$ cat structure16.txt   # compact mmCIF, N, CA and C atoms
# COMPACT_ATOMS: atom_id res chain seq x y z
N MET A 1 -114.47 16.97 -46.14
CA MET A 1 -113.37 17.43 -45.33
C MET A 1 -112.89 18.77 -45.86
N ILE A 2 -112.52 19.61 -44.93
CA ILE A 2 -111.98 20.92 -45.28
C ILE A 2 -110.56 21.02 -44.74
N GLY A 3 -109.65 21.49 -45.57
CA GLY A 3 -108.28 21.74 -45.15
C GLY A 3 -107.99 23.21 -45.31
N GLU A 4 -107.38 23.80 -44.29
CA GLU A 4 -107.13 25.23 -44.34
C GLU A 4 -105.77 25.56 -43.73
N ALA A 5 -104.97 26.31 -44.49
CA ALA A 5 -103.72 26.86 -43.95
C ALA A 5 -104.11 28.11 -43.19
N ILE A 6 -103.76 28.16 -41.92
CA ILE A 6 -104.15 29.27 -41.07
C ILE A 6 -103.25 30.48 -41.37
N LYS A 7 -103.89 31.61 -41.57
CA LYS A 7 -103.16 32.85 -41.84
C LYS A 7 -103.12 33.69 -40.57
N LYS A 8 -102.00 34.32 -40.35
CA LYS A 8 -101.88 35.22 -39.21
C LYS A 8 -102.65 36.50 -39.56
N GLU A 9 -103.47 36.93 -38.63
CA GLU A 9 -104.31 38.08 -38.87
C GLU A 9 -103.47 39.30 -39.27
N GLY A 10 -103.86 39.93 -40.37
CA GLY A 10 -103.18 41.13 -40.84
C GLY A 10 -101.93 40.87 -41.65
N ALA A 11 -101.55 39.61 -41.82
CA ALA A 11 -100.34 39.28 -42.57
C ALA A 11 -100.71 38.70 -43.93
N LYS A 12 -99.86 38.93 -44.92
CA LYS A 12 -100.07 38.36 -46.24
C LYS A 12 -99.61 36.91 -46.23
N GLY A 13 -100.38 36.04 -46.86
CA GLY A 13 -99.99 34.64 -46.98
C GLY A 13 -100.06 33.89 -45.67
N SER A 14 -99.76 32.61 -45.75
CA SER A 14 -99.81 31.78 -44.55
C SER A 14 -98.44 31.74 -43.89
N GLY A 15 -98.44 31.34 -42.65
CA GLY A 15 -97.19 31.19 -41.93
C GLY A 15 -96.95 32.28 -40.92
N GLY A 16 -95.93 32.07 -40.13
CA GLY A 16 -95.57 33.03 -39.10
C GLY A 16 -94.10 32.89 -38.78
N GLY A 17 -93.61 33.80 -37.97
CA GLY A 17 -92.22 33.78 -37.56
C GLY A 17 -91.96 32.68 -36.55
N ALA A 18 -90.68 32.46 -36.23
CA ALA A 18 -90.29 31.42 -35.28
C ALA A 18 -90.92 31.65 -33.90
N ASP A 19 -91.26 32.91 -33.60
CA ASP A 19 -91.88 33.21 -32.31
C ASP A 19 -93.30 32.62 -32.19
N ALA A 20 -93.85 32.12 -33.29
CA ALA A 20 -95.19 31.54 -33.27
C ALA A 20 -95.18 30.07 -32.84
N PHE A 21 -94.02 29.42 -32.82
CA PHE A 21 -93.99 28.00 -32.47
C PHE A 21 -94.48 27.74 -31.05
N LYS A 22 -94.00 28.50 -30.09
CA LYS A 22 -94.36 28.24 -28.69
C LYS A 22 -95.87 28.38 -28.45
N PRO A 23 -96.50 29.52 -28.79
CA PRO A 23 -97.95 29.60 -28.56
C PRO A 23 -98.74 28.66 -29.46
N GLY A 24 -98.27 28.42 -30.68
CA GLY A 24 -98.98 27.52 -31.59
C GLY A 24 -99.01 26.09 -31.09
N VAL A 25 -97.86 25.59 -30.67
CA VAL A 25 -97.77 24.23 -30.15
C VAL A 25 -98.55 24.12 -28.84
N ALA A 26 -98.45 25.13 -27.99
CA ALA A 26 -99.18 25.11 -26.70
C ALA A 26 -100.69 25.05 -26.94
N TYR A 27 -101.19 25.82 -27.90
CA TYR A 27 -102.63 25.80 -28.21
C TYR A 27 -103.05 24.44 -28.74
N VAL A 28 -102.32 23.94 -29.73
CA VAL A 28 -102.68 22.68 -30.38
C VAL A 28 -102.64 21.52 -29.38
N CYS A 29 -101.60 21.44 -28.58
CA CYS A 29 -101.45 20.31 -27.67
C CYS A 29 -102.25 20.48 -26.38
N GLY A 30 -102.46 21.71 -25.96
CA GLY A 30 -103.20 21.96 -24.73
C GLY A 30 -104.64 21.51 -24.80
N LYS A 31 -105.25 21.56 -25.98
CA LYS A 31 -106.64 21.15 -26.16
C LYS A 31 -106.77 19.76 -26.79
N ALA A 32 -105.67 19.14 -27.10
CA ALA A 32 -105.69 17.90 -27.88
C ALA A 32 -106.12 16.70 -27.05
N THR A 33 -106.85 15.79 -27.71
CA THR A 33 -107.16 14.50 -27.10
C THR A 33 -106.06 13.49 -27.43
N ARG A 34 -105.34 13.77 -28.51
CA ARG A 34 -104.18 12.95 -28.87
C ARG A 34 -103.14 13.85 -29.52
N VAL A 35 -101.88 13.63 -29.17
CA VAL A 35 -100.77 14.38 -29.74
C VAL A 35 -99.83 13.40 -30.43
N ALA A 36 -99.36 13.78 -31.60
CA ALA A 36 -98.37 12.98 -32.32
C ALA A 36 -97.26 13.92 -32.78
N LEU A 37 -96.03 13.47 -32.71
CA LEU A 37 -94.88 14.27 -33.11
C LEU A 37 -94.20 13.60 -34.29
N ARG A 38 -93.77 14.39 -35.23
CA ARG A 38 -93.04 13.88 -36.39
C ARG A 38 -91.70 14.61 -36.49
N ASN A 39 -90.62 13.83 -36.48
CA ASN A 39 -89.25 14.35 -36.68
C ASN A 39 -88.83 15.37 -35.63
N ILE A 40 -89.30 15.18 -34.41
CA ILE A 40 -88.94 16.05 -33.28
C ILE A 40 -88.00 15.24 -32.38
N ALA A 41 -86.90 15.83 -31.98
CA ALA A 41 -85.91 15.13 -31.16
C ALA A 41 -86.49 14.73 -29.80
N SER A 42 -87.28 15.59 -29.22
CA SER A 42 -87.87 15.34 -27.91
C SER A 42 -89.11 14.46 -28.03
N ALA A 43 -89.36 13.64 -27.03
CA ALA A 43 -90.57 12.83 -27.01
C ALA A 43 -91.71 13.58 -26.33
N ASP A 44 -91.43 14.75 -25.79
CA ASP A 44 -92.41 15.53 -25.04
C ASP A 44 -92.82 16.75 -25.87
N TRP A 45 -94.13 16.92 -26.08
CA TRP A 45 -94.59 18.03 -26.92
C TRP A 45 -94.21 19.39 -26.33
N GLN A 46 -94.01 19.46 -25.01
CA GLN A 46 -93.69 20.75 -24.39
C GLN A 46 -92.30 21.24 -24.78
N ASP A 47 -91.45 20.34 -25.27
CA ASP A 47 -90.12 20.74 -25.74
C ASP A 47 -90.09 20.90 -27.26
N ALA A 48 -91.17 20.54 -27.94
CA ALA A 48 -91.19 20.55 -29.40
C ALA A 48 -90.98 21.95 -29.97
N ALA A 49 -91.57 22.96 -29.37
CA ALA A 49 -91.45 24.33 -29.89
C ALA A 49 -90.01 24.80 -29.86
N VAL A 50 -89.27 24.44 -28.81
CA VAL A 50 -87.86 24.82 -28.72
C VAL A 50 -87.08 24.14 -29.83
N ASP A 51 -87.32 22.84 -30.04
CA ASP A 51 -86.66 22.11 -31.13
C ASP A 51 -86.95 22.76 -32.47
N MET A 52 -88.20 23.15 -32.67
CA MET A 52 -88.60 23.75 -33.95
C MET A 52 -87.94 25.12 -34.16
N CYS A 53 -87.86 25.90 -33.10
CA CYS A 53 -87.19 27.21 -33.19
C CYS A 53 -85.72 27.05 -33.54
N LEU A 54 -85.06 26.11 -32.88
CA LEU A 54 -83.64 25.87 -33.15
C LEU A 54 -83.42 25.41 -34.58
N THR A 55 -84.28 24.53 -35.06
CA THR A 55 -84.17 24.06 -36.44
C THR A 55 -84.39 25.20 -37.43
N SER A 56 -85.33 26.08 -37.14
CA SER A 56 -85.60 27.19 -38.07
C SER A 56 -84.38 28.09 -38.23
N GLU A 57 -83.48 28.09 -37.25
CA GLU A 57 -82.26 28.90 -37.33
C GLU A 57 -81.24 28.33 -38.32
N LEU A 58 -81.48 27.13 -38.84
CA LEU A 58 -80.59 26.56 -39.85
C LEU A 58 -80.61 27.37 -41.14
N ASN A 59 -81.68 28.12 -41.33
CA ASN A 59 -81.79 28.95 -42.52
C ASN A 59 -82.11 30.38 -42.08
N SER A 60 -81.11 31.24 -42.13
CA SER A 60 -81.27 32.61 -41.64
C SER A 60 -82.13 33.47 -42.56
N ARG A 61 -82.39 33.01 -43.77
CA ARG A 61 -83.17 33.82 -44.72
C ARG A 61 -84.67 33.62 -44.58
N VAL A 62 -85.09 32.52 -43.96
CA VAL A 62 -86.53 32.26 -43.86
C VAL A 62 -87.15 33.18 -42.81
N ARG A 63 -88.20 33.86 -43.19
CA ARG A 63 -88.88 34.78 -42.28
C ARG A 63 -90.09 34.14 -41.60
N LYS A 64 -90.69 33.15 -42.28
CA LYS A 64 -91.90 32.52 -41.75
C LYS A 64 -91.75 30.99 -41.75
N PRO A 65 -91.01 30.45 -40.77
CA PRO A 65 -90.85 29.00 -40.72
C PRO A 65 -92.07 28.26 -40.16
N TYR A 66 -92.97 29.00 -39.51
CA TYR A 66 -94.15 28.42 -38.86
C TYR A 66 -95.28 28.29 -39.87
N TYR A 67 -95.82 27.09 -39.99
CA TYR A 67 -96.92 26.82 -40.91
C TYR A 67 -97.96 26.01 -40.16
N HIS A 68 -99.19 26.50 -40.12
CA HIS A 68 -100.27 25.89 -39.34
C HIS A 68 -101.39 25.48 -40.27
N LEU A 69 -101.77 24.24 -40.17
CA LEU A 69 -102.78 23.67 -41.06
C LEU A 69 -103.85 22.97 -40.21
N VAL A 70 -105.12 23.11 -40.61
CA VAL A 70 -106.22 22.45 -39.90
C VAL A 70 -107.03 21.64 -40.91
N LEU A 71 -107.34 20.40 -40.52
CA LEU A 71 -108.23 19.55 -41.29
C LEU A 71 -109.48 19.34 -40.44
N SER A 72 -110.65 19.57 -41.02
CA SER A 72 -111.88 19.39 -40.24
C SER A 72 -112.90 18.58 -41.03
N TRP A 73 -113.70 17.84 -40.28
CA TRP A 73 -114.72 16.97 -40.85
C TRP A 73 -116.10 17.57 -40.63
N HIS A 74 -117.06 17.14 -41.44
CA HIS A 74 -118.45 17.54 -41.26
C HIS A 74 -118.91 17.04 -39.90
N GLU A 75 -119.83 17.78 -39.29
CA GLU A 75 -120.27 17.43 -37.93
C GLU A 75 -120.95 16.07 -37.85
N LEU A 76 -121.46 15.54 -38.96
CA LEU A 76 -122.04 14.20 -38.94
C LEU A 76 -120.98 13.10 -39.01
N GLU A 77 -119.80 13.47 -39.42
CA GLU A 77 -118.68 12.52 -39.45
C GLU A 77 -117.95 12.59 -38.12
N GLN A 78 -117.66 11.46 -37.54
CA GLN A 78 -116.97 11.40 -36.25
C GLN A 78 -115.78 10.46 -36.35
N PRO A 79 -114.74 10.87 -37.05
CA PRO A 79 -113.57 9.99 -37.17
C PRO A 79 -112.90 9.80 -35.81
N THR A 80 -112.24 8.66 -35.66
CA THR A 80 -111.48 8.40 -34.44
C THR A 80 -110.19 9.21 -34.48
N ASP A 81 -109.54 9.32 -33.34
CA ASP A 81 -108.25 10.01 -33.31
C ASP A 81 -107.26 9.34 -34.25
N GLU A 82 -107.29 8.01 -34.29
CA GLU A 82 -106.38 7.27 -35.18
C GLU A 82 -106.64 7.62 -36.64
N GLN A 83 -107.91 7.69 -37.03
CA GLN A 83 -108.26 8.06 -38.41
C GLN A 83 -107.82 9.48 -38.72
N MET A 84 -107.95 10.38 -37.76
CA MET A 84 -107.53 11.77 -37.99
C MET A 84 -106.02 11.86 -38.15
N VAL A 85 -105.26 11.11 -37.35
CA VAL A 85 -103.81 11.12 -37.47
C VAL A 85 -103.39 10.51 -38.81
N GLU A 86 -104.07 9.45 -39.24
CA GLU A 86 -103.79 8.87 -40.56
C GLU A 86 -104.04 9.90 -41.66
N ALA A 87 -105.12 10.66 -41.55
CA ALA A 87 -105.42 11.71 -42.53
C ALA A 87 -104.32 12.77 -42.52
N ALA A 88 -103.86 13.13 -41.33
CA ALA A 88 -102.78 14.12 -41.21
C ALA A 88 -101.50 13.60 -41.88
N ASP A 89 -101.19 12.33 -41.67
CA ASP A 89 -100.00 11.75 -42.30
C ASP A 89 -100.12 11.74 -43.82
N HIS A 90 -101.32 11.48 -44.33
CA HIS A 90 -101.52 11.54 -45.78
C HIS A 90 -101.30 12.97 -46.28
N MET A 91 -101.82 13.94 -45.55
CA MET A 91 -101.64 15.35 -45.93
C MET A 91 -100.16 15.71 -45.92
N ILE A 92 -99.44 15.29 -44.90
CA ILE A 92 -98.01 15.57 -44.78
C ILE A 92 -97.26 15.03 -46.00
N ARG A 93 -97.55 13.78 -46.37
CA ARG A 93 -96.89 13.19 -47.54
C ARG A 93 -97.28 13.94 -48.82
N SER A 94 -98.56 14.29 -48.95
CA SER A 94 -99.04 14.98 -50.16
C SER A 94 -98.37 16.35 -50.34
N LEU A 95 -98.07 17.00 -49.23
CA LEU A 95 -97.44 18.31 -49.29
C LEU A 95 -95.91 18.23 -49.38
N GLY A 96 -95.36 17.03 -49.23
CA GLY A 96 -93.91 16.87 -49.28
C GLY A 96 -93.22 17.31 -47.99
N LEU A 97 -93.92 17.19 -46.88
CA LEU A 97 -93.38 17.61 -45.58
C LEU A 97 -92.98 16.43 -44.69
N GLU A 98 -92.87 15.23 -45.26
CA GLU A 98 -92.64 14.04 -44.44
C GLU A 98 -91.33 14.06 -43.67
N ASP A 99 -90.34 14.83 -44.08
CA ASP A 99 -89.07 14.91 -43.35
C ASP A 99 -89.00 16.12 -42.42
N HIS A 100 -90.03 16.93 -42.40
CA HIS A 100 -90.04 18.15 -41.59
C HIS A 100 -90.60 17.89 -40.20
N GLN A 101 -90.32 18.81 -39.28
CA GLN A 101 -90.83 18.72 -37.91
C GLN A 101 -92.29 19.14 -37.89
N ILE A 102 -93.13 18.28 -37.28
CA ILE A 102 -94.56 18.56 -37.24
C ILE A 102 -95.13 18.09 -35.90
N VAL A 103 -95.98 18.94 -35.34
CA VAL A 103 -96.74 18.59 -34.14
C VAL A 103 -98.20 18.46 -34.57
N ILE A 104 -98.81 17.34 -34.21
CA ILE A 104 -100.18 17.03 -34.61
C ILE A 104 -101.03 16.92 -33.35
N GLY A 105 -102.20 17.57 -33.36
CA GLY A 105 -103.11 17.46 -32.23
C GLY A 105 -104.54 17.28 -32.69
N THR A 106 -105.22 16.24 -32.18
CA THR A 106 -106.63 16.01 -32.53
C THR A 106 -107.51 16.76 -31.53
N HIS A 107 -108.54 17.40 -32.04
CA HIS A 107 -109.44 18.20 -31.20
C HIS A 107 -110.89 17.73 -31.34
N HIS A 108 -111.58 17.72 -30.20
CA HIS A 108 -113.00 17.36 -30.14
C HIS A 108 -113.78 18.49 -29.46
N ASP A 109 -113.23 19.69 -29.44
CA ASP A 109 -113.81 20.79 -28.65
C ASP A 109 -114.90 21.58 -29.38
N THR A 110 -115.24 21.18 -30.61
CA THR A 110 -116.33 21.81 -31.35
C THR A 110 -117.22 20.70 -31.93
N LYS A 111 -118.29 21.09 -32.59
CA LYS A 111 -119.17 20.10 -33.23
C LYS A 111 -118.43 19.31 -34.30
N ARG A 112 -117.48 19.99 -34.93
CA ARG A 112 -116.70 19.36 -36.00
C ARG A 112 -115.37 18.85 -35.44
N ARG A 113 -115.14 17.56 -35.59
CA ARG A 113 -113.83 17.04 -35.20
C ARG A 113 -112.80 17.61 -36.16
N HIS A 114 -111.65 17.93 -35.62
CA HIS A 114 -110.61 18.52 -36.45
C HIS A 114 -109.23 18.20 -35.88
N ILE A 115 -108.25 18.42 -36.72
CA ILE A 115 -106.87 18.12 -36.35
C ILE A 115 -105.99 19.28 -36.80
N HIS A 116 -105.07 19.66 -35.93
CA HIS A 116 -104.14 20.74 -36.21
C HIS A 116 -102.76 20.16 -36.51
N LEU A 117 -102.08 20.78 -37.46
CA LEU A 117 -100.70 20.43 -37.76
C LEU A 117 -99.87 21.71 -37.69
N VAL A 118 -98.90 21.74 -36.80
CA VAL A 118 -97.95 22.85 -36.73
C VAL A 118 -96.67 22.33 -37.37
N CYS A 119 -96.28 22.95 -38.48
CA CYS A 119 -95.15 22.46 -39.28
C CYS A 119 -94.02 23.48 -39.29
N ASN A 120 -92.80 22.96 -39.34
CA ASN A 120 -91.62 23.79 -39.52
C ASN A 120 -91.24 23.69 -40.99
N THR A 121 -91.23 24.79 -41.71
CA THR A 121 -90.93 24.76 -43.14
C THR A 121 -89.44 24.57 -43.42
N VAL A 122 -88.61 24.67 -42.38
CA VAL A 122 -87.17 24.47 -42.55
C VAL A 122 -86.85 23.00 -42.33
N HIS A 123 -86.19 22.38 -43.30
CA HIS A 123 -85.82 20.97 -43.21
C HIS A 123 -84.79 20.80 -42.09
N PRO A 124 -84.97 19.81 -41.19
CA PRO A 124 -84.10 19.69 -40.02
C PRO A 124 -82.67 19.22 -40.32
N ILE A 125 -82.40 18.74 -41.52
CA ILE A 125 -81.05 18.31 -41.86
C ILE A 125 -80.40 19.24 -42.87
N THR A 126 -81.13 19.53 -43.95
CA THR A 126 -80.54 20.33 -45.03
C THR A 126 -80.66 21.83 -44.80
N GLY A 127 -81.65 22.26 -44.01
CA GLY A 127 -81.89 23.68 -43.80
C GLY A 127 -82.66 24.32 -44.95
N LYS A 128 -82.99 23.54 -45.97
CA LYS A 128 -83.75 24.08 -47.09
C LYS A 128 -85.19 24.34 -46.65
N VAL A 129 -85.82 25.32 -47.30
CA VAL A 129 -87.17 25.72 -46.93
C VAL A 129 -88.18 25.08 -47.88
N TRP A 130 -89.23 24.53 -47.30
CA TRP A 130 -90.33 23.95 -48.07
C TRP A 130 -91.09 25.08 -48.77
N SER A 131 -91.44 24.87 -50.00
CA SER A 131 -92.17 25.88 -50.77
C SER A 131 -93.67 25.81 -50.49
N LYS A 132 -94.24 26.94 -50.12
CA LYS A 132 -95.68 27.04 -49.88
C LYS A 132 -96.45 27.29 -51.17
N SER A 133 -95.75 27.34 -52.28
CA SER A 133 -96.37 27.64 -53.57
C SER A 133 -97.53 26.69 -53.85
N ASN A 134 -98.68 27.26 -54.16
CA ASN A 134 -99.90 26.50 -54.48
C ASN A 134 -100.32 25.55 -53.35
N ASP A 135 -100.01 25.92 -52.12
CA ASP A 135 -100.34 25.04 -51.00
C ASP A 135 -101.84 24.80 -50.90
N HIS A 136 -102.65 25.79 -51.18
CA HIS A 136 -104.10 25.62 -51.07
C HIS A 136 -104.62 24.58 -52.07
N LEU A 137 -104.06 24.58 -53.27
CA LEU A 137 -104.46 23.59 -54.27
C LEU A 137 -104.02 22.19 -53.85
N ARG A 138 -102.82 22.08 -53.32
CA ARG A 138 -102.31 20.77 -52.87
C ARG A 138 -103.11 20.26 -51.67
N ILE A 139 -103.50 21.16 -50.78
CA ILE A 139 -104.31 20.79 -49.62
C ILE A 139 -105.67 20.27 -50.09
N GLU A 140 -106.28 21.00 -51.02
CA GLU A 140 -107.60 20.61 -51.54
C GLU A 140 -107.54 19.23 -52.20
N LYS A 141 -106.53 19.00 -53.00
CA LYS A 141 -106.35 17.68 -53.68
C LYS A 141 -106.19 16.57 -52.65
N ALA A 142 -105.36 16.79 -51.65
CA ALA A 142 -105.14 15.77 -50.62
C ALA A 142 -106.43 15.51 -49.82
N CYS A 143 -107.22 16.53 -49.57
CA CYS A 143 -108.50 16.34 -48.87
C CYS A 143 -109.42 15.42 -49.66
N ARG A 144 -109.48 15.62 -50.97
CA ARG A 144 -110.33 14.76 -51.80
C ARG A 144 -109.81 13.32 -51.76
N GLU A 145 -108.49 13.14 -51.78
CA GLU A 145 -107.91 11.79 -51.70
C GLU A 145 -108.25 11.12 -50.37
N ILE A 146 -108.18 11.87 -49.30
CA ILE A 146 -108.50 11.34 -47.96
C ILE A 146 -109.96 10.93 -47.90
N GLU A 147 -110.83 11.76 -48.47
CA GLU A 147 -112.25 11.43 -48.47
C GLU A 147 -112.52 10.10 -49.17
N LEU A 148 -111.81 9.87 -50.26
CA LEU A 148 -112.02 8.61 -51.00
C LEU A 148 -111.52 7.44 -50.20

$ encode --input "structure16.txt" --output "structure tokens"
Amino acid sequence: MIGEAIKKEGAKGSGGGADAFKPGVAYVCGKATRVALRNIASADWQDAAVDMCLTSELNSRVRKPYYHLVLSWHELEQPTDEQMVEAADHMIRSLGLEDHQIVIGTHHDTKRRHIHLVCNTVHPITGKVWSKSNDHLRIEKACREIEL
């Protein structure tokens, strides 16, 4: 399994501004075979981006509240949507994002099954920002745990 934090082209580090929530969520959910929402007030993914933008305003200092993560499997592995969502939930817990707003979408549009996670780094109650420090190492560790 490969886990990758998606970087915005031409930008340093991972993440994006609040303006990335709408196109990011639309892309992830528009192609998804299954959508799951975590800590989103709305039950409809089409309203999730608005909820995430509003939450990001709880902390005026954060410049990049948008965090996009992809987990992908080898093309010989064909996990079910349920297994992919379980893997995403393990990743969320491993990164310490279990209380944050997250949109999850499973994709079957390539040879490799994969799942996208669009995360809000701003906590929806406290307004504190999740630290991306060493995120690549934490992602790699969680991928190995999921494989086991």

$ residues_around --input "structure16.txt" --residues "range 119-130 of chain A" --least-positions-apart "4" --cutoff "6.5 Å" --atoms "all atoms listed in the file" --output "ChimeraX atom specification"
/A:52,55-56,58-59,64-69,99-103

$ closest_residue --input "structure16.txt" --among "A:Leu95, A:Met1, A:Val85, A:Val62" --to "Ala18 in chain A" --atoms "all atoms listed in the file"
A:Val62

$ closest_residue --input "structure16.txt" --among "A:Ala43, A:Leu148, A:Val70, A:Ala36" --to "Ile115 in chain A" --atoms "only N, CA and C atoms"
A:Val70

$ residues_near_point --input "structure16.txt" --point "(-114.9, 21.8, -41.9)" --cutoff "8 Å" --atoms "only N, CA and C atoms" --output "count of residues only"
12

$ select_by_dssp --input "structure16.txt" --residues "range 4-72 of chain A" --states "strand (DSSP E)" --output "ChimeraX atom specification"
/A:4-5,34-38,66-72

$ select_by_dssp --input "structure16.txt" --residues "range 45-104 of chain A" --states "alpha helix (DSSP H)" --output "count of residues only"
27

$ atom_distance --input "structure16.txt" --atom1 "CA of Arg93 in chain A" --atom2 "CA of Ala142 in chain A"
9.2 Å

$ atom_distance --input "structure16.txt" --atom1 "CA of Ile6 in chain A" --atom2 "CA of Ala20 in chain A"
12.1 Å

$ atom_distance --input "structure16.txt" --atom1 "atom N of Arg63 in chain A" --atom2 "atom C of His136 in chain A"
20.8 Å

$ closest_residue --input "structure16.txt" --among "A:Leu97, A:Asp89, A:Asp51, A:Gly105" --to "Cys29 in chain A" --atoms "all atoms listed in the file"
A:Gly105

$ residues_near_point --input "structure16.txt" --point "(-108.1, 11.6, -46.8)" --cutoff "7 Å" --atoms "only N, CA and C atoms" --output "number ranges by chain"
A: 86-87, 90-91, 142-148

$ closest_residue --input "structure16.txt" --among "A:Lys22, A:Arg34, A:Arg138, A:Arg61" --to "Ala48 in chain A" --atoms "all atoms listed in the file"
A:Lys22

$ axis_aligned_box --input "structure16.txt" --around "range 85-104 of chain A" --padding-each-side "4 Å" --output "AutoDock Vina command-line options"
--center_x -97.2 --center_y 14.0 --center_z -41.8 --size_x 24.4 --size_y 18.3 --size_z 25.0

$ closest_residue --input "structure16.txt" --among "A:Met84, A:Glu140, A:Lys132, A:Val25" --to "Trp45 in chain A" --atoms "all atoms listed in the file"
A:Val25

$ closest_residue --input "structure16.txt" --among "A:Ser60, A:Gln46, A:Ser94, A:Ser131" --to "Gly30 in chain A" --atoms "only C-alpha atoms"
A:Gln46

$ build_atoms --input "structure16.txt" --residues "range 92-98 of chain A" --atoms "all heavy atoms" --output "tab-separated table (two decimals), keeping the file's coordinate frame"
chain	number	residue	atom	x	y	z
A	92	ILE	N	-99.44	15.29	-44.90
A	92	ILE	CA	-98.01	15.57	-44.78
A	92	ILE	C	-97.26	15.03	-46.00
A	92	ILE	O	-96.44	15.73	-46.60
A	92	ILE	CB	-97.46	14.98	-43.47
A	92	ILE	CG1	-98.00	15.76	-42.27
A	92	ILE	CG2	-95.93	14.97	-43.47
A	92	ILE	CD1	-97.82	15.07	-40.93
A	93	ARG	N	-97.55	13.78	-46.37
A	93	ARG	CA	-96.89	13.19	-47.54
A	93	ARG	C	-97.28	13.94	-48.82
A	93	ARG	O	-96.43	14.19	-49.67
A	93	ARG	CB	-97.26	11.71	-47.67
A	93	ARG	CG	-96.58	10.81	-46.67
A	93	ARG	CD	-96.81	9.33	-46.96
A	93	ARG	NE	-98.22	8.96	-47.05
A	93	ARG	CZ	-99.00	8.68	-46.02
A	93	ARG	NH1	-98.51	8.72	-44.79
A	93	ARG	NH2	-100.26	8.34	-46.19
A	94	SER	N	-98.56	14.29	-48.95
A	94	SER	CA	-99.04	14.98	-50.16
A	94	SER	C	-98.37	16.35	-50.34
A	94	SER	O	-98.18	16.80	-51.46
A	94	SER	CB	-100.56	15.16	-50.09
A	94	SER	OG	-101.20	13.92	-50.09
A	95	LEU	N	-98.07	17.00	-49.23
A	95	LEU	CA	-97.44	18.31	-49.29
A	95	LEU	C	-95.91	18.23	-49.38
A	95	LEU	O	-95.24	19.23	-49.57
A	95	LEU	CB	-97.83	19.14	-48.06
A	95	LEU	CG	-99.29	19.56	-47.98
A	95	LEU	CD1	-99.58	20.21	-46.63
A	95	LEU	CD2	-99.65	20.50	-49.11
A	96	GLY	N	-95.36	17.03	-49.23
A	96	GLY	CA	-93.91	16.87	-49.28
A	96	GLY	C	-93.22	17.31	-47.99
A	96	GLY	O	-92.07	17.72	-48.01
A	97	LEU	N	-93.92	17.19	-46.88
A	97	LEU	CA	-93.38	17.61	-45.58
A	97	LEU	C	-92.98	16.43	-44.69
A	97	LEU	O	-92.74	16.62	-43.50
A	97	LEU	CB	-94.42	18.47	-44.84
A	97	LEU	CG	-94.64	19.88	-45.37
A	97	LEU	CD1	-95.91	20.48	-44.78
A	97	LEU	CD2	-93.43	20.75	-45.05
A	98	GLU	N	-92.87	15.23	-45.26
A	98	GLU	CA	-92.64	14.04	-44.44
A	98	GLU	C	-91.33	14.06	-43.67
A	98	GLU	O	-91.22	13.38	-42.64
A	98	GLU	CB	-92.76	12.76	-45.27
A	98	GLU	CG	-91.85	12.69	-46.48
A	98	GLU	CD	-92.48	13.22	-47.74
A	98	GLU	OE1	-93.63	13.72	-47.70
A	98	GLU	OE2	-91.82	13.17	-48.79
